[in-house]
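One structure is given here, and the rest of the page talks about it.
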Amino acid sequence: MSSISTRLLTAFSILLVIFLIGPMLVLVPMSFSSSSTLEFPPPGFSLQWYEKLTTQVWTSSAITSLQVASLTALFATLLGTPAAFGLVRGRFPGRNLVNALILSPTIVPLVIVGIAMLAVFVNLRIAGTVPGLVVAHTALALPFVVINVGASLRTMDRNLELASMNLGAGPLKTFRYVTLPQILPGVLAGALFAFIFSWDEIVVAIFLTSPFVRTLPVVMWGQVRTQVEPTLAALATLLALLSVVVFLLSTVVQRRRRPDGR
């Protein structure tokens, strides 16, 4: 590639990054505004909007989102890891159908999923509860774990497992001491993606929450519909910071998946 093409590609990439993160860069100074409305540039400096995030409506929803996202990541990992192992290593009739069913939440519109889950969960009496949200998000986050763990299983050296079994180790012992350490970066990456999905998910959560159990994205959506104030900018700034931290952790995990560590 010529130097001119490289420069053009670099300039285009920089413009694309600016276009994507530009709105967030505007939100950061507005979160410190002394005005009661979103105003740029801010007329003055104030921390009142960050202080308002400590009220019950925001803290309770944040705790609910943290509970749901943590449990979703846990259950999606516990279910998705053996599912990926069975799909990659197993040879059974209907394997492709099972794989398609597990990955179907990634292609079915979430509005349809939310309506269907609401109809089922109302009959099960778990609509508007934390367990209901965990079940829904686990089903939706399962593909992220299956994809990441499956990729790790396909790239690992199976000769290590064969050597372990030839030395007398059983299937469970081989999985624990040989297979699991090899695919652990993929498992952790899948858990991170499941956590992020559950933390940010709003469409299905709108159908399954109640006035007493609401996740943070649902409360933010309600605030946008009724009143737009710098509190949302403050919260968006904190969430962006959290996303950067999670992204860096995910990058570290992804690098560990590579044999050369690069």
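Following the order of the structure tokens, first chain is A, next is B, and so on, with residues numbered from 1 inside each chain and ligands from 1 in the order they appear.
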
So that I can check the surroundings of Ala76 of chain A, please list as number ranges by chain every protein, DNA and RNA residue that reaches within 8 Å of it, counting only C-alpha atoms and ignoring chain neighbours fewer than 3 positions away.
A: 72-73, 79-80, 138-139, 141-142, 145, 191, 194

Could those selected residues go to a file with C-alpha atoms, as a short mmCIF file (atom, residue, chain, number, x, y, z; two decimals), in the first residue's frame?
```cif
data_model
loop_
_atom_site.label_atom_id
_atom_site.label_comp_id
_atom_site.auth_asym_id
_atom_site.auth_seq_id
_atom_site.Cartn_x
_atom_site.Cartn_y
_atom_site.Cartn_z
CA THR A 72 -26.57 -13.29 33.83
CA ALA A 73 -22.83 -13.50 33.22
CA LEU A 79 -24.57 -22.99 30.55
CA GLY A 80 -22.72 -21.71 27.50
CA THR A 138 -29.27 -15.38 30.26
CA ALA A 139 -31.13 -16.76 27.25
CA ALA A 141 -26.56 -13.59 26.35
CA LEU A 142 -25.93 -17.31 25.85
CA VAL A 145 -20.49 -17.29 25.51
CA ALA A 191 -18.65 -13.72 30.46
CA ALA A 194 -22.71 -11.39 28.62
#
```

For Ser31 of chain A, list every protein, DNA or RNA residue within 9 Å, evaluated using only C-alpha atoms, and leave out those in the same chain fewer than 2 positions away; present the list as a PyMOL selection string.
chain A and resi 27-29+33-34+38+42+46-47+49-50+230-237

Print the selection's residues with N, CA and C atoms to a file, as a PDB file, in the first residue's frame.
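Below you can see part_5.pdb, which holds the result:
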```pdb
ATOM      1  N   LEU A  27     -21.045  15.481  25.889  1.00  0.00           N
ATOM      2  CA  LEU A  27     -21.804  15.176  27.100  1.00  0.00           C
ATOM      3  C   LEU A  27     -20.973  15.368  28.366  1.00  0.00           C
ATOM      4  N   VAL A  28     -19.680  15.120  28.282  1.00  0.00           N
ATOM      5  CA  VAL A  28     -18.837  15.204  29.481  1.00  0.00           C
ATOM      6  C   VAL A  28     -18.857  16.604  30.090  1.00  0.00           C
ATOM      7  N   PRO A  29     -18.600  17.679  29.337  1.00  0.00           N
ATOM      8  CA  PRO A  29     -18.681  19.010  29.976  1.00  0.00           C
ATOM      9  C   PRO A  29     -20.092  19.384  30.400  1.00  0.00           C
ATOM     10  N   SER A  33     -22.450  20.935  34.202  1.00  0.00           N
ATOM     11  CA  SER A  33     -23.093  22.230  33.980  1.00  0.00           C
ATOM     12  C   SER A  33     -23.875  22.687  35.213  1.00  0.00           C
ATOM     13  N   SER A  34     -23.941  23.991  35.385  1.00  0.00           N
ATOM     14  CA  SER A  34     -24.760  24.566  36.458  1.00  0.00           C
ATOM     15  C   SER A  34     -26.187  24.814  35.998  1.00  0.00           C
ATOM     16  N   LEU A  38     -29.865  20.602  29.450  1.00  0.00           N
ATOM     17  CA  LEU A  38     -28.673  20.299  28.669  1.00  0.00           C
ATOM     18  C   LEU A  38     -28.309  21.509  27.819  1.00  0.00           C
ATOM     19  N   PRO A  42     -21.546  24.789  28.730  1.00  0.00           N
ATOM     20  CA  PRO A  42     -22.215  24.996  30.026  1.00  0.00           C
ATOM     21  C   PRO A  42     -21.947  26.396  30.567  1.00  0.00           C
ATOM     22  N   SER A  46     -20.670  22.785  38.080  1.00  0.00           N
ATOM     23  CA  SER A  46     -21.400  22.283  39.232  1.00  0.00           C
ATOM     24  C   SER A  46     -21.313  20.761  39.266  1.00  0.00           C
ATOM     25  N   LEU A  47     -21.298  20.216  40.473  1.00  0.00           N
ATOM     26  CA  LEU A  47     -21.307  18.762  40.678  1.00  0.00           C
ATOM     27  C   LEU A  47     -22.668  18.263  41.159  1.00  0.00           C
ATOM     28  N   TRP A  49     -25.299  17.376  39.607  1.00  0.00           N
ATOM     29  CA  TRP A  49     -25.921  16.282  38.861  1.00  0.00           C
ATOM     30  C   TRP A  49     -25.304  14.947  39.221  1.00  0.00           C
ATOM     31  N   TYR A  50     -24.028  14.952  39.551  1.00  0.00           N
ATOM     32  CA  TYR A  50     -23.401  13.725  40.055  1.00  0.00           C
ATOM     33  C   TYR A  50     -23.916  13.413  41.459  1.00  0.00           C
ATOM     34  N   PRO A 230     -29.191  17.452  33.002  1.00  0.00           N
ATOM     35  CA  PRO A 230     -27.785  17.009  32.999  1.00  0.00           C
ATOM     36  C   PRO A 230     -27.498  15.766  33.821  1.00  0.00           C
ATOM     37  N   THR A 231     -28.467  15.288  34.605  1.00  0.00           N
ATOM     38  CA  THR A 231     -28.241  14.032  35.329  1.00  0.00           C
ATOM     39  C   THR A 231     -27.940  12.896  34.359  1.00  0.00           C
ATOM     40  N   LEU A 232     -28.637  12.884  33.223  1.00  0.00           N
ATOM     41  CA  LEU A 232     -28.397  11.855  32.216  1.00  0.00           C
ATOM     42  C   LEU A 232     -26.994  11.983  31.632  1.00  0.00           C
ATOM     43  N   ALA A 233     -26.522  13.217  31.459  1.00  0.00           N
ATOM     44  CA  ALA A 233     -25.163  13.418  30.960  1.00  0.00           C
ATOM     45  C   ALA A 233     -24.134  12.911  31.960  1.00  0.00           C
ATOM     46  N   ALA A 234     -24.388  13.158  33.248  1.00  0.00           N
ATOM     47  CA  ALA A 234     -23.481  12.663  34.285  1.00  0.00           C
ATOM     48  C   ALA A 234     -23.445  11.144  34.301  1.00  0.00           C
ATOM     49  N   LEU A 235     -24.619  10.535  34.213  1.00  0.00           N
ATOM     50  CA  LEU A 235     -24.678   9.077  34.212  1.00  0.00           C
ATOM     51  C   LEU A 235     -24.034   8.510  32.953  1.00  0.00           C
ATOM     52  N   ALA A 236     -24.278   9.153  31.805  1.00  0.00           N
ATOM     53  CA  ALA A 236     -23.667   8.694  30.556  1.00  0.00           C
ATOM     54  C   ALA A 236     -22.145   8.766  30.633  1.00  0.00           C
ATOM     55  N   THR A 237     -21.621   9.793  31.276  1.00  0.00           N
ATOM     56  CA  THR A 237     -20.172   9.915  31.440  1.00  0.00           C
ATOM     57  C   THR A 237     -19.612   8.770  32.268  1.00  0.00           C
TER      58      THR A 237
END
```

Correct to one decimal, the distance atom CA of Val146 of chain A-atom CA of Ala84 of chain A is 4.9 Å

Excluding Val213 of chain A and its own-chain neighbours fewer than 6 positions away, which residues fall within 12 Å of it when counting only C-alpha atoms? Please give them as a list in words.
Val57, Trp58, Ser60, Ser61, Ala62, Ile63, Thr64, Ser65, Gln67, Val68, Ile126, Ala127, Gly128, Thr129, Val130, Pro131, Gly132, Leu133, Ala205, Ile206, Phe207 and Val219 of chain A

Would you list the contacts of segment 96-101 of chain A as a ChimeraX atom specification, taking every protein, DNA or RNA residue within 12 Å and counting only C-alpha atoms, but skipping same-chain residues closer than 4 positions in sequence?
/A:80,83-88,90-92,105-108,139-140,142-143,146-147,150
